[in-house]
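What follows is a single structure, written as structure tokens, with notes after it.
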Amino acid sequence: FTLSSVKASLVTAQASGTIFTVNIKKNGTTIFSTKITIDNAALTSVGATTPAVLSTTAFADDDLITVDIDQIGDGTAKGLKISMIGIWA
């Protein structure tokens, strides 16, 4: 699988506080040089003030993918969804 982009969305946006930040790891190592964020009052990472930057795009069968919430604001965010967009080779 070759990853071309990642999007994150929430069912309920957080209103305030530090920016909601998500990290995705492949086999224990982050796939980002700049992690994915969702701005306060926003429901999606699309158009975030700080866009995510991928540092790893190649995935193999049996790679272990984990999702970590690294930072939250006021704690009201709910319903995180992650979309990994790419092409199966």
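Identifiers for the structure tokens are assigned positionally: chains receive A, B, ... in sequence, residues are indexed from 1 per chain, and ligands are indexed from 1 in the order shown.
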
Give me the residues within 7 Å of Leu80 of chain A as a list in words, counting only C-alpha atoms and dropping any in the same chain fewer than 3 places off.
Ala8, Ser9, Leu10 and Val11 of chain A

Determine the nearest neighbour of Lys25 of chain A from the options A:Asn40, A:Ser55, A:Thr12, A:Ser45, counting only C-alpha atoms.
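Under the stated criterion, the closest residue is A:Ser55.
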
For segment 60-77 of chain A, work out the shell of residues within 9 Å, counting only C-alpha atoms and skipping chain neighbours fewer than 5 positions away, then give it as a PyMOL selection string.
chain A and resi 1-2+10-28+40+82

Nearest to Thr57 of chain A, restricted to only C-alpha atoms and choosing among A:Met84, A:Ile36, A:Leu43, A:Ile31, comes out as A:Ile31

Proximity to Lys7 of chain A - best of A:Thr50, A:Thr30, A:Thr56, A:Thr44, only C-alpha atoms:
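Among A:Thr50, A:Thr30, A:Thr56, A:Thr44, it is A:Thr44 that comes nearest to Lys7 of chain A.
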
I'd like the interatomic distance between atom CA of Pro51 of chain A and atom CA of Ala89 of chain A, to a tenth of an Å.
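Result for atom CA of Pro51 of chain A versus atom CA of Ala89 of chain A: 26.2 Å, one decimal.
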
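Atom CA of Ser33 of chain A is positioned 14.3 Å from atom CA of Leu3 of chain A.
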
Please report the interatomic distance between atom CA of Ser5 of chain A and atom CA of Ile85 of chain A in Å with one decimal.
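Answer for the atom CA of Ser5 of chain A to atom CA of Ile85 of chain A separation: 5.2 Å.
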
Closest to Ala58 of chain A among A:Val46, A:Ile87, A:Val6, A:Ile38, using only C-alpha atoms?
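Of A:Val46, A:Ile87, A:Val6, A:Ile38, the one nearest Ala58 of chain A, counting only C-alpha atoms, is A:Ile87.
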
DSSP strand (DSSP E) residues within segment 7-81 of chain A, listed as a PDB file with N, CA and C atoms, in the first residue's frame:
```pdb
ATOM      1  N   LYS A   7      -6.628  11.828   6.432  1.00  0.00           N
ATOM      2  CA  LYS A   7      -7.588  12.816   6.930  1.00  0.00           C
ATOM      3  C   LYS A   7      -8.126  12.330   8.267  1.00  0.00           C
ATOM      4  N   ALA A   8      -8.423  13.285   9.139  1.00  0.00           N
ATOM      5  CA  ALA A   8      -9.043  12.966  10.425  1.00  0.00           C
ATOM      6  C   ALA A   8     -10.306  13.805  10.546  1.00  0.00           C
ATOM      7  N   SER A   9     -11.309  13.233  11.204  1.00  0.00           N
ATOM      8  CA  SER A   9     -12.538  13.990  11.440  1.00  0.00           C
ATOM      9  C   SER A   9     -13.105  13.626  12.805  1.00  0.00           C
ATOM     10  N   PHE A  20      -6.253  19.808  18.800  1.00  0.00           N
ATOM     11  CA  PHE A  20      -6.417  18.352  18.791  1.00  0.00           C
ATOM     12  C   PHE A  20      -5.384  17.763  17.820  1.00  0.00           C
ATOM     13  N   THR A  21      -4.517  16.897  18.326  1.00  0.00           N
ATOM     14  CA  THR A  21      -3.416  16.359  17.523  1.00  0.00           C
ATOM     15  C   THR A  21      -3.425  14.840  17.568  1.00  0.00           C
ATOM     16  N   VAL A  22      -3.290  14.245  16.385  1.00  0.00           N
ATOM     17  CA  VAL A  22      -3.329  12.791  16.236  1.00  0.00           C
ATOM     18  C   VAL A  22      -2.024  12.320  15.599  1.00  0.00           C
ATOM     19  N   ASN A  23      -1.509  11.208  16.094  1.00  0.00           N
ATOM     20  CA  ASN A  23      -0.325  10.589  15.524  1.00  0.00           C
ATOM     21  C   ASN A  23      -0.690   9.183  15.058  1.00  0.00           C
ATOM     22  N   ILE A  24      -0.239   8.817  13.894  1.00  0.00           N
ATOM     23  CA  ILE A  24      -0.412   7.453  13.388  1.00  0.00           C
ATOM     24  C   ILE A  24       0.980   6.854  13.283  1.00  0.00           C
ATOM     25  N   LYS A  25       1.117   5.624  13.786  1.00  0.00           N
ATOM     26  CA  LYS A  25       2.416   4.962  13.778  1.00  0.00           C
ATOM     27  C   LYS A  25       2.354   3.670  12.976  1.00  0.00           C
ATOM     28  N   LYS A  26       3.429   3.393  12.293  1.00  0.00           N
ATOM     29  CA  LYS A  26       3.620   2.126  11.587  1.00  0.00           C
ATOM     30  C   LYS A  26       4.721   1.378  12.328  1.00  0.00           C
ATOM     31  N   THR A  29       6.598   3.527  14.864  1.00  0.00           N
ATOM     32  CA  THR A  29       7.259   4.761  14.441  1.00  0.00           C
ATOM     33  C   THR A  29       6.265   5.653  13.716  1.00  0.00           C
ATOM     34  N   THR A  30       6.249   6.938  14.049  1.00  0.00           N
ATOM     35  CA  THR A  30       5.319   7.865  13.426  1.00  0.00           C
ATOM     36  C   THR A  30       5.471   7.883  11.902  1.00  0.00           C
ATOM     37  N   PHE A  32       4.472  10.620  10.294  1.00  0.00           N
ATOM     38  CA  PHE A  32       4.424  12.060  10.014  1.00  0.00           C
ATOM     39  C   PHE A  32       5.726  12.754  10.387  1.00  0.00           C
ATOM     40  N   SER A  33       6.078  13.781   9.624  1.00  0.00           N
ATOM     41  CA  SER A  33       7.086  14.735  10.099  1.00  0.00           C
ATOM     42  C   SER A  33       6.362  15.896  10.769  1.00  0.00           C
ATOM     43  N   THR A  34       5.117  16.156  10.371  1.00  0.00           N
ATOM     44  CA  THR A  34       4.210  17.073  11.068  1.00  0.00           C
ATOM     45  C   THR A  34       2.904  16.324  11.272  1.00  0.00           C
ATOM     46  N   ILE A  36      -0.990  15.170  12.250  1.00  0.00           N
ATOM     47  CA  ILE A  36      -2.294  15.631  11.788  1.00  0.00           C
ATOM     48  C   ILE A  36      -3.019  16.366  12.924  1.00  0.00           C
ATOM     49  N   THR A  37      -3.629  17.502  12.600  1.00  0.00           N
ATOM     50  CA  THR A  37      -4.330  18.307  13.603  1.00  0.00           C
ATOM     51  C   THR A  37      -5.734  18.665  13.117  1.00  0.00           C
ATOM     52  N   ILE A  38      -6.593  18.931  14.095  1.00  0.00           N
ATOM     53  CA  ILE A  38      -7.935  19.450  13.816  1.00  0.00           C
ATOM     54  C   ILE A  38      -8.081  20.722  14.642  1.00  0.00           C
ATOM     55  N   VAL A  53       2.155  16.476   7.432  1.00  0.00           N
ATOM     56  CA  VAL A  53       3.172  16.142   6.429  1.00  0.00           C
ATOM     57  C   VAL A  53       3.605  14.700   6.670  1.00  0.00           C
ATOM     58  N   LEU A  54       3.429  13.871   5.647  1.00  0.00           N
ATOM     59  CA  LEU A  54       3.808  12.462   5.738  1.00  0.00           C
ATOM     60  C   LEU A  54       5.317  12.299   5.577  1.00  0.00           C
ATOM     61  N   ILE A  65      -0.450  -0.860  12.502  1.00  0.00           N
ATOM     62  CA  ILE A  65      -0.828   0.543  12.453  1.00  0.00           C
ATOM     63  C   ILE A  65      -1.550   0.892  13.755  1.00  0.00           C
ATOM     64  N   THR A  66      -1.072   1.928  14.444  1.00  0.00           N
ATOM     65  CA  THR A  66      -1.720   2.397  15.664  1.00  0.00           C
ATOM     66  C   THR A  66      -2.039   3.881  15.539  1.00  0.00           C
ATOM     67  N   VAL A  67      -3.082   4.298  16.242  1.00  0.00           N
ATOM     68  CA  VAL A  67      -3.499   5.702  16.254  1.00  0.00           C
ATOM     69  C   VAL A  67      -3.442   6.194  17.688  1.00  0.00           C
ATOM     70  N   ASP A  68      -2.700   7.275  17.908  1.00  0.00           N
ATOM     71  CA  ASP A  68      -2.570   7.877  19.229  1.00  0.00           C
ATOM     72  C   ASP A  68      -3.134   9.291  19.190  1.00  0.00           C
ATOM     73  N   ILE A  69      -3.903   9.664  20.198  1.00  0.00           N
ATOM     74  CA  ILE A  69      -4.310  11.052  20.366  1.00  0.00           C
ATOM     75  C   ILE A  69      -3.243  11.682  21.248  1.00  0.00           C
ATOM     76  N   ASP A  70      -2.427  12.544  20.659  1.00  0.00           N
ATOM     77  CA  ASP A  70      -1.283  13.122  21.365  1.00  0.00           C
ATOM     78  C   ASP A  70      -1.632  14.358  22.178  1.00  0.00           C
ATOM     79  N   GLN A  71      -2.666  15.077  21.753  1.00  0.00           N
ATOM     80  CA  GLN A  71      -2.988  16.327  22.444  1.00  0.00           C
ATOM     81  C   GLN A  71      -4.466  16.645  22.283  1.00  0.00           C
ATOM     82  N   LYS A  81     -12.437   9.793  13.601  1.00  0.00           N
ATOM     83  CA  LYS A  81     -12.368   8.875  12.459  1.00  0.00           C
ATOM     84  C   LYS A  81     -11.123   9.225  11.652  1.00  0.00           C
TER      85      LYS A  81
END
```
